[in-house]
$ cat my_file.cif   # mmCIF, C-alpha atoms
data_query
#
loop_
_atom_site.label_atom_id
_atom_site.label_comp_id
_atom_site.auth_asym_id
_atom_site.auth_seq_id
_atom_site.Cartn_x
_atom_site.Cartn_y
_atom_site.Cartn_z
CA MET R 1 8.47 7.58 1.85
CA ASN R 2 6.71 8.73 -1.30
CA PHE R 3 2.97 9.28 -1.19
CA HIS R 4 1.59 8.57 -4.65
CA THR R 5 -2.05 7.64 -4.09
CA ARG R 6 -4.69 10.00 -2.83
CA LYS R 7 -8.28 9.17 -1.93
CA TRP R 8 -11.20 11.48 -1.27
CA VAL R 9 -13.33 10.18 1.60
CA LYS R 10 -16.93 10.05 0.33
CA PRO R 11 -20.22 9.18 2.08
CA GLU R 12 -20.11 5.55 0.89
CA ASP R 13 -16.71 5.14 2.62
CA LEU R 14 -18.05 5.95 6.11
CA ASN R 15 -18.92 3.72 9.04
CA PRO R 16 -21.94 4.36 11.34
CA ASN R 17 -19.78 6.77 13.39
CA GLY R 18 -19.33 9.04 10.36
CA THR R 19 -15.63 8.27 9.95
CA LEU R 20 -13.73 6.29 7.32
CA PHE R 21 -14.58 2.58 7.57
CA GLY R 22 -11.41 0.64 8.41
CA GLY R 23 -12.24 -2.13 5.95
CA THR R 24 -12.45 0.36 3.10
CA LEU R 25 -9.06 1.81 4.01
CA LEU R 26 -7.52 -1.67 4.21
CA ARG R 27 -8.92 -2.53 0.76
CA TRP R 28 -7.33 0.65 -0.64
CA ILE R 29 -4.00 -0.21 1.02
CA ASP R 30 -3.97 -3.81 -0.24
CA GLU R 31 -4.73 -2.65 -3.78
CA GLU R 32 -2.07 0.07 -3.73
CA ALA R 33 0.50 -2.25 -2.15
CA VAL R 34 -0.02 -5.04 -4.70
CA ILE R 35 0.31 -2.51 -7.54
CA TYR R 36 3.56 -1.31 -5.97
CA ALA R 37 4.78 -4.94 -5.69
CA ILE R 38 3.81 -5.69 -9.31
CA VAL R 39 5.77 -2.66 -10.54
CA GLN R 40 8.80 -3.51 -8.38
CA LEU R 41 8.90 -7.19 -9.34
CA GLY R 42 7.75 -6.79 -12.95
CA ASN R 43 5.16 -9.56 -12.64
CA PRO R 44 1.35 -9.23 -12.51
CA HIS R 45 1.08 -12.54 -10.62
CA ILE R 46 1.48 -11.39 -7.00
CA VAL R 47 -0.50 -12.38 -3.90
CA THR R 48 -0.79 -10.92 -0.41
CA LYS R 49 0.89 -13.29 2.06
CA PHE R 50 0.94 -11.36 5.35
CA ILE R 51 -0.10 -8.05 6.90
CA SER R 52 1.32 -7.22 10.33
CA GLU R 53 -0.36 -5.27 13.10
CA ILE R 54 -2.44 -2.41 11.81
CA ASN R 55 -2.18 0.71 13.94
CA PHE R 56 -5.09 3.12 13.50
CA VAL R 57 -3.90 6.34 15.16
CA SER R 58 -6.62 8.75 14.01
CA SER R 59 -9.64 8.82 11.74
CA ALA R 60 -10.68 10.50 8.53
CA LYS R 61 -14.03 12.16 7.92
CA GLN R 62 -16.16 12.78 4.85
CA GLY R 63 -14.43 15.26 2.58
CA ASP R 64 -10.93 14.53 3.86
CA ILE R 65 -8.25 13.77 1.32
CA ILE R 66 -5.92 11.02 2.47
CA GLU R 67 -2.71 9.78 0.94
CA LEU R 68 -1.07 6.37 1.04
CA GLY R 69 2.68 5.95 1.21
CA ILE R 70 4.30 2.60 0.50
CA THR R 71 7.97 1.65 0.39
CA ALA R 72 9.81 -1.63 -0.10
CA THR R 73 11.86 -2.59 2.96
CA HIS R 74 13.10 -6.08 2.07
CA PHE R 75 13.44 -8.35 -0.95
CA GLY R 76 13.26 -12.09 -0.25
CA ARG R 77 13.86 -14.85 -2.78
CA THR R 78 10.18 -15.02 -3.83
CA SER R 79 8.75 -12.16 -1.77
CA ILE R 80 8.80 -8.43 -1.24
CA THR R 81 8.13 -6.73 2.10
CA LEU R 82 6.59 -3.28 2.22
CA THR R 83 5.73 -0.69 4.86
CA CYS R 84 2.75 1.65 4.68
CA GLN R 85 1.71 4.98 6.12
CA VAL R 86 -1.61 6.73 5.58
CA ARG R 87 -2.03 10.40 6.44
CA ASN R 88 -4.35 13.33 5.92
CA LYS R 89 -3.11 15.17 2.81
CA ILE R 90 -3.87 18.65 4.16
CA THR R 91 -2.94 18.36 7.86
CA ARG R 92 -0.28 15.62 7.40
CA LYS R 93 -1.75 13.94 10.52
CA SER R 94 -1.06 10.20 10.59
CA ILE R 95 -4.13 7.99 10.21
CA LEU R 96 -2.64 4.50 10.04
CA THR R 97 0.66 2.65 9.94
CA ILE R 98 1.47 -0.91 8.92
CA ASP R 99 5.04 -2.03 9.51
CA LYS R 100 4.98 -5.10 7.29
CA LEU R 101 3.05 -6.22 4.23
CA VAL R 102 4.48 -9.29 2.49
CA PHE R 103 3.66 -10.18 -1.11
CA VAL R 104 4.75 -13.33 -2.95
CA ASN R 105 5.79 -13.51 -6.60
CA LEU R 106 4.07 -16.36 -8.48
CA ASP R 107 4.75 -18.23 -11.69
CA PRO R 108 1.90 -18.72 -14.23
CA GLU R 109 0.83 -21.91 -12.41
CA GLY R 110 0.42 -20.05 -9.10
CA ASN R 111 3.55 -21.35 -7.37
CA PRO R 112 6.04 -19.10 -5.51
CA SER R 113 8.73 -18.08 -7.96
CA PRO R 114 12.11 -16.36 -7.48
CA HIS R 115 12.02 -12.78 -8.76
CA GLY R 116 15.74 -11.93 -8.76
CA LYS R 117 15.23 -8.39 -7.41
CA THR R 118 17.34 -6.96 -4.59
CA GLU R 119 16.50 -3.26 -4.51
CA ILE R 120 13.79 -0.77 -5.35
CA THR R 121 13.32 -0.24 -9.08
CA TYR R 122 10.82 1.77 -11.09
CA ALA R 123 8.89 0.97 -14.22
CA TYR R 124 9.99 4.14 -16.02
CA ALA R 125 13.06 6.32 -15.66
CA GLY R 126 10.75 9.30 -15.02
CA ASP R 127 9.46 7.63 -11.83
CA ARG R 128 12.70 8.13 -9.95
CA PRO R 129 12.39 10.67 -7.09
#
$ encode --input "my_file.cif" --output "structure tokens"
Amino acid sequence: MNFHTRKWVKPEDLNPNGTLFGGTLLRWIDEEAVIYAIVQLGNPHIVTKFISEINFVSSAKQGDIIELGITATHFGRTSITLTCQVRNKITRKSILTIDKLVFVNLDPEGNPSPHGKTEITYAYAGDRP
């Protein structure tokens, strides 16, 4: 899994316990995942359909740098399924895992639309690992 996005945990990201607020982390994940889906499917009209169980395994504190890793695991006719891992950039300790995030490709009218993709692609040749 490639980890492309990094976030610095700031005071406004904290919950009353002084750790990263789960809702903030989920917003970051949804945004990163939809960007990944848009790049893979080549269409800016993508919506979140489903997010499976979210497993918070540790927390992040103010000043921590976390990184989000997202990979496509399945291409449906109109959908793409992703998996996500979040970890501490310095310690590599896992913070969260999500086994399944499903996004649906839409046509300009907002209806599910076949995307024709079957494997991971990249927007630019220089993006290949």
$ resolve_selection --input "my_file.cif" --expression "the PyMOL selection byres ((chain R and resi 71) around 10)" --output "compact mmCIF listing (two decimals) with C-alpha atoms, in the frame of the given file"
# COMPACT_ATOMS: atom_id res chain seq x y z
CA MET R 1 8.47 7.58 1.85
CA ASN R 2 6.71 8.73 -1.30
CA PHE R 3 2.97 9.28 -1.19
CA ALA R 33 0.50 -2.25 -2.15
CA TYR R 36 3.56 -1.31 -5.97
CA ALA R 37 4.78 -4.94 -5.69
CA GLY R 69 2.68 5.95 1.21
CA ILE R 70 4.30 2.60 0.50
CA ALA R 72 9.81 -1.63 -0.10
CA THR R 73 11.86 -2.59 2.96
CA HIS R 74 13.10 -6.08 2.07
CA THR R 81 8.13 -6.73 2.10
CA LEU R 82 6.59 -3.28 2.22
CA THR R 83 5.73 -0.69 4.86
CA CYS R 84 2.75 1.65 4.68
CA GLN R 85 1.71 4.98 6.12
CA ILE R 120 13.79 -0.77 -5.35
$ resolve_selection --input "my_file.cif" --expression "the PyMOL selection byres ((chain R and resi 14) around 12)" --output "MDAnalysis selection string"
chainID R and resid 8:13 15:25 59:64
$ closest_residue --input "my_file.cif" --among "R:Glu53, R:Glu119, R:Glu67, R:Glu31" --to "R:Arg6" --atoms "all atoms listed in the file"
R:Glu67
$ resolve_selection --input "my_file.cif" --expression "the PyMOL selection byres ((chain R and resi 56) around 8)" --output "PyMOL selection string"
chain R and resi 54-55+57-59+95-97
$ residues_near_point --input "my_file.cif" --point "(6.1, -12.2, -16.7)" --cutoff "9 Å" --atoms "only C-alpha atoms" --output "JSON, numbers by chain"
{"R": [42, 43, 44, 45, 107, 108]}
$ write_last_selection --input "my_file.cif" --atoms "C-alpha atoms" --output "tab-separated table (two decimals), keeping the file's coordinate frame"
chain	number	residue	atom	x	y	z
R	42	GLY	CA	7.75	-6.79	-12.95
R	43	ASN	CA	5.16	-9.56	-12.64
R	44	PRO	CA	1.35	-9.23	-12.51
R	45	HIS	CA	1.08	-12.54	-10.62
R	107	ASP	CA	4.75	-18.23	-11.69
R	108	PRO	CA	1.90	-18.72	-14.23
$ closest_residue --input "my_file.cif" --among "R:Ile35, R:Ile98, R:Ile29, R:Leu106" --to "R:Lys7" --atoms "only C-alpha atoms"
R:Ile29
$ residues_around --input "my_file.cif" --residues "R:Lys89" --least-positions-apart "3" --cutoff "7 Å" --atoms "all atoms listed in the file" --output "NGL selection string"
:R and (65-67 or 92)
$ atom_distance --input "my_file.cif" --atom1 "atom CA of R:Thr118" --atom2 "atom CA of R:Phe50"
19.7 Å
$ atom_distance --input "my_file.cif" --atom1 "atom CA of R:Ile80" --atom2 "atom CA of R:Glu32"
14.0 Å
$ closest_residue --input "my_file.cif" --among "R:Ser52, R:Val102, R:Thr5, R:Ser113" --to "R:Trp28" --atoms "only C-alpha atoms"
R:Thr5
$ closest_residue --input "my_file.cif" --among "R:Phe103, R:Val47, R:Ser79, R:Asp30" --to "R:Gly116" --atoms "only C-alpha atoms"
R:Ser79
$ decode --input "my_file.cif" --residues "stretch 63-74 of chain R" --atoms "all heavy atoms" --output "short mmCIF file (atom, residue, chain, number, x, y, z; two decimals), in the first residue's frame"
data_model
loop_
_atom_site.label_atom_id
_atom_site.label_comp_id
_atom_site.auth_asym_id
_atom_site.auth_seq_id
_atom_site.Cartn_x
_atom_site.Cartn_y
_atom_site.Cartn_z
N GLY R 63 0.50 17.30 17.24
CA GLY R 63 1.88 17.28 16.79
C GLY R 63 2.26 16.04 16.01
O GLY R 63 3.28 16.03 15.33
N ASP R 64 1.46 14.97 16.14
CA ASP R 64 1.75 13.76 15.38
C ASP R 64 1.56 14.02 13.89
O ASP R 64 0.71 14.82 13.48
CB ASP R 64 0.82 12.61 15.79
CG ASP R 64 1.18 11.98 17.12
OD1 ASP R 64 2.25 12.31 17.68
OD2 ASP R 64 0.37 11.15 17.60
N ILE R 65 2.32 13.34 13.09
CA ILE R 65 2.13 13.34 11.65
C ILE R 65 1.59 11.96 11.30
O ILE R 65 2.20 10.94 11.63
CB ILE R 65 3.45 13.62 10.90
CG1 ILE R 65 3.97 15.00 11.28
CG2 ILE R 65 3.24 13.49 9.39
CD1 ILE R 65 5.36 15.29 10.80
N ILE R 66 0.42 11.95 10.66
CA ILE R 66 -0.17 10.67 10.27
C ILE R 66 -0.19 10.59 8.75
O ILE R 66 -0.12 11.61 8.06
CB ILE R 66 -1.59 10.49 10.85
CG1 ILE R 66 -2.56 11.55 10.30
CG2 ILE R 66 -1.55 10.52 12.38
CD1 ILE R 66 -4.01 11.26 10.63
N GLU R 67 -0.25 9.37 8.26
CA GLU R 67 -0.32 9.18 6.81
C GLU R 67 -1.43 8.20 6.48
O GLU R 67 -1.71 7.27 7.23
CB GLU R 67 1.02 8.74 6.23
CG GLU R 67 1.65 7.54 6.85
CD GLU R 67 3.04 7.27 6.32
OE1 GLU R 67 3.55 8.02 5.46
OE2 GLU R 67 3.64 6.27 6.74
N LEU R 68 -2.08 8.47 5.35
CA LEU R 68 -3.21 7.68 4.88
C LEU R 68 -2.78 6.87 3.67
O LEU R 68 -2.20 7.42 2.73
CB LEU R 68 -4.37 8.58 4.47
CG LEU R 68 -5.18 9.29 5.55
CD1 LEU R 68 -4.36 10.33 6.27
CD2 LEU R 68 -6.40 9.92 4.94
N GLY R 69 -3.06 5.58 3.72
CA GLY R 69 -2.78 4.71 2.59
C GLY R 69 -4.06 4.15 2.05
O GLY R 69 -4.91 3.66 2.80
N ILE R 70 -4.25 4.24 0.74
CA ILE R 70 -5.47 3.76 0.09
C ILE R 70 -5.08 2.97 -1.15
O ILE R 70 -4.20 3.40 -1.91
CB ILE R 70 -6.39 4.94 -0.27
CG1 ILE R 70 -6.85 5.61 1.02
CG2 ILE R 70 -7.56 4.48 -1.13
CD1 ILE R 70 -7.68 6.84 0.83
N THR R 71 -5.75 1.84 -1.34
CA THR R 71 -5.50 1.00 -2.51
C THR R 71 -6.82 0.45 -3.04
O THR R 71 -7.69 0.08 -2.25
CB THR R 71 -4.57 -0.18 -2.15
OG1 THR R 71 -3.33 0.32 -1.68
CG2 THR R 71 -4.31 -1.08 -3.35
N ALA R 72 -6.94 0.37 -4.34
CA ALA R 72 -8.12 -0.25 -4.96
C ALA R 72 -8.01 -1.76 -4.80
O ALA R 72 -6.94 -2.34 -5.03
CB ALA R 72 -8.21 0.13 -6.42
N THR R 73 -9.11 -2.40 -4.41
CA THR R 73 -9.13 -3.85 -4.24
C THR R 73 -10.08 -4.54 -5.21
O THR R 73 -9.97 -5.74 -5.43
CB THR R 73 -9.52 -4.24 -2.80
OG1 THR R 73 -10.80 -3.68 -2.50
CG2 THR R 73 -8.48 -3.73 -1.81
N HIS R 74 -11.04 -3.78 -5.77
CA HIS R 74 -12.01 -4.39 -6.69
C HIS R 74 -12.62 -3.31 -7.58
O HIS R 74 -12.90 -2.21 -7.12
CB HIS R 74 -13.12 -5.10 -5.90
CG HIS R 74 -14.18 -5.69 -6.76
ND1 HIS R 74 -13.99 -6.83 -7.50
CD2 HIS R 74 -15.45 -5.30 -7.01
CE1 HIS R 74 -15.09 -7.12 -8.17
NE2 HIS R 74 -15.99 -6.19 -7.89
#
